[in-house]
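Here the structure is laid out as structure tokens; the discussion comes afterwards.
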Amino acid sequence: AQTIHQWPVAEIKAVGSPLSLGCTIKGKSSPNLYWYWQATGGTLQQLFYSITVGQVESVVQLNLSASRPKDDQFILSTEKLLLSHSGFYLCAWSLGGAGQDTQYFGPGTRLLVL
Amino acid sequence: GDSVTQTEGPVTVSESESLIINCTYSATSIAYPNLFWYVRYPGEGLQLLLKVITAGQKGSSRGFEATYNKETTSFHLQKASVQESDSAVYYCALGDTNAYKVIFGKGTHLHVLP
């Protein structure tokens with residue numbers, strides 16, 4: 001069975017500090033991977049997607065970056081956090097494109113920037 | 001642009017009552033829109049409830065139904081008789097065939113009273 005793990009579960013960080021969020025998918029080779037973000041009371045927004053190792057496409061510019069160093073790993077990061085980065089971050093995978101195929105989501109990471 | 005608008009929550013209904021959560025979409029740059037309902041139950045991850053990729057077709061799952069109406073650009077979620085276990089946050093989403101981007105609505109928080 002496929003599992004998707006996100007870390008950390010929650011973070012409290014200071015404005016201007018760096019951030020790294022991780023996502024690992026086990027039991028599925030060459031998945032399409034996605035990062036989403038949802039501010040409190042806001043819309044769930046797709047940030048990045050990756051079809052293959054080493055390639056990441058940006059969907060929304062939020063002063064964040066993403067990388068896919070391994071087939072089963074997706075990293076979201078920034079060198080300088082903003083207050084507006086607070087929210088809930090979700091990682092997801094799909095077999096086909098998310099535009100027509102089912103996405104499977106991780107449990108999420110809650111981030112509070114102070 | 002492309003967007004999804006759904007019923008503002010929270011929505012509160014009593015058990016055994018009927019339910020409609022409205023969803024309308026705008027797909028100005030999407031050639032072949034596909035429509036989804038995702039759900040997050042308390043304590044669980046976001047998961048697919050149902051999807052429809054052909055206009056005019058109906059999707060169903062767990063007693064919920066939604067019909068893809070291209071004329072009214074709508075994909076309303078309906079259930080004839082809700083249960084307390086249906087309490088959750090429901091997200092309408094729009095995607096494009098052979099694409100990786102997905103646009104979500106804000107989510108509708110449903111409370112079902114016993």
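Chain labels A, B, ... are given in the sequence in which chains occur in the structure tokens; within each chain residues are numbered consecutively from 1, and ligands are likewise numbered from 1 in the order shown.
The list of chain A residues within 9 Å of chain B is Asn32, Tyr34, Gln38, Gly41, Gly42, Thr43, Leu44, Gln45, Gln46, Phe48, Tyr49, Ser50, Ile51, Val59, Gly96, Gly97, Ala98, Gly99, Gln100, Asp101, Thr102, Gln103, Tyr104, Phe105, Gly106, Pro107 and Gly108 of chain A; this uses only C-alpha atoms.
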Can you check which residues of chain A DSSP gives as strand (DSSP E) on the backbone and send them as a ChimeraX atom specification?
/A:3-7,10-13,19-26,32-38,45-52,55-58,65-70,73-78,87-94,104-105,109-113
Non-local contacts of A:Leu64 (9 Å; only C-alpha atoms; under 5 positions in same chain excluded) as a ChimeraX atom specification:
/A:47,76-81,85
Next, dump the selected residues to file, keeping only C-alpha atoms, as a CSV table (one decimal), in the first residue's frame.
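Result written to again_19.csv:
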```csv
chain,number,residue,atom,x,y,z
A,47,LEU,CA,2.1,25.8,-5.4
A,76,LEU,CA,9.4,22.9,0.0
A,77,SER,CA,11.7,25.6,1.3
A,78,THR,CA,12.5,29.3,1.6
A,79,GLU,CA,15.5,31.1,3.0
A,80,LYS,CA,13.4,33.9,4.6
A,81,LEU,CA,9.9,33.4,6.0
A,85,HIS,CA,3.6,32.0,4.8
```
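The spacing separating atom CA of B:Ile20 from atom CA of B:Ser81 amounts to 10.6 Å.
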Between atom CA of A:Lys28 and atom CA of A:Leu62, what is the spacing in Å?
29.0 Å
Identify which of the residues B:Gln83, B:Thr54, B:Asn69, B:Ser74 lies closest to B:Glu17, counting only C-alpha atoms when measuring atom-to-atom distances.
B:Gln83
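Between A:Ser17 and the residues A:Val56, A:Arg68, A:Leu82, A:Ser30, the shortest atom-to-atom distance, using only C-alpha atoms, involves A:Leu82.
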If you count only C-alpha atoms, which residues fall within 12 Å of A:Leu111, apart from same-chain ones fewer than 2 positions away, as JSON, numbers by chain?
{"A": [7, 8, 9, 10, 11, 12, 13, 14, 15, 19, 20, 21, 37, 38, 39, 40, 81, 82, 83, 84, 85, 86, 87, 88, 89, 90, 108, 109, 113, 114]}
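As for atom CA of B:Ser18 and atom CA of B:Ser61, they are spaced 15.5 Å apart.
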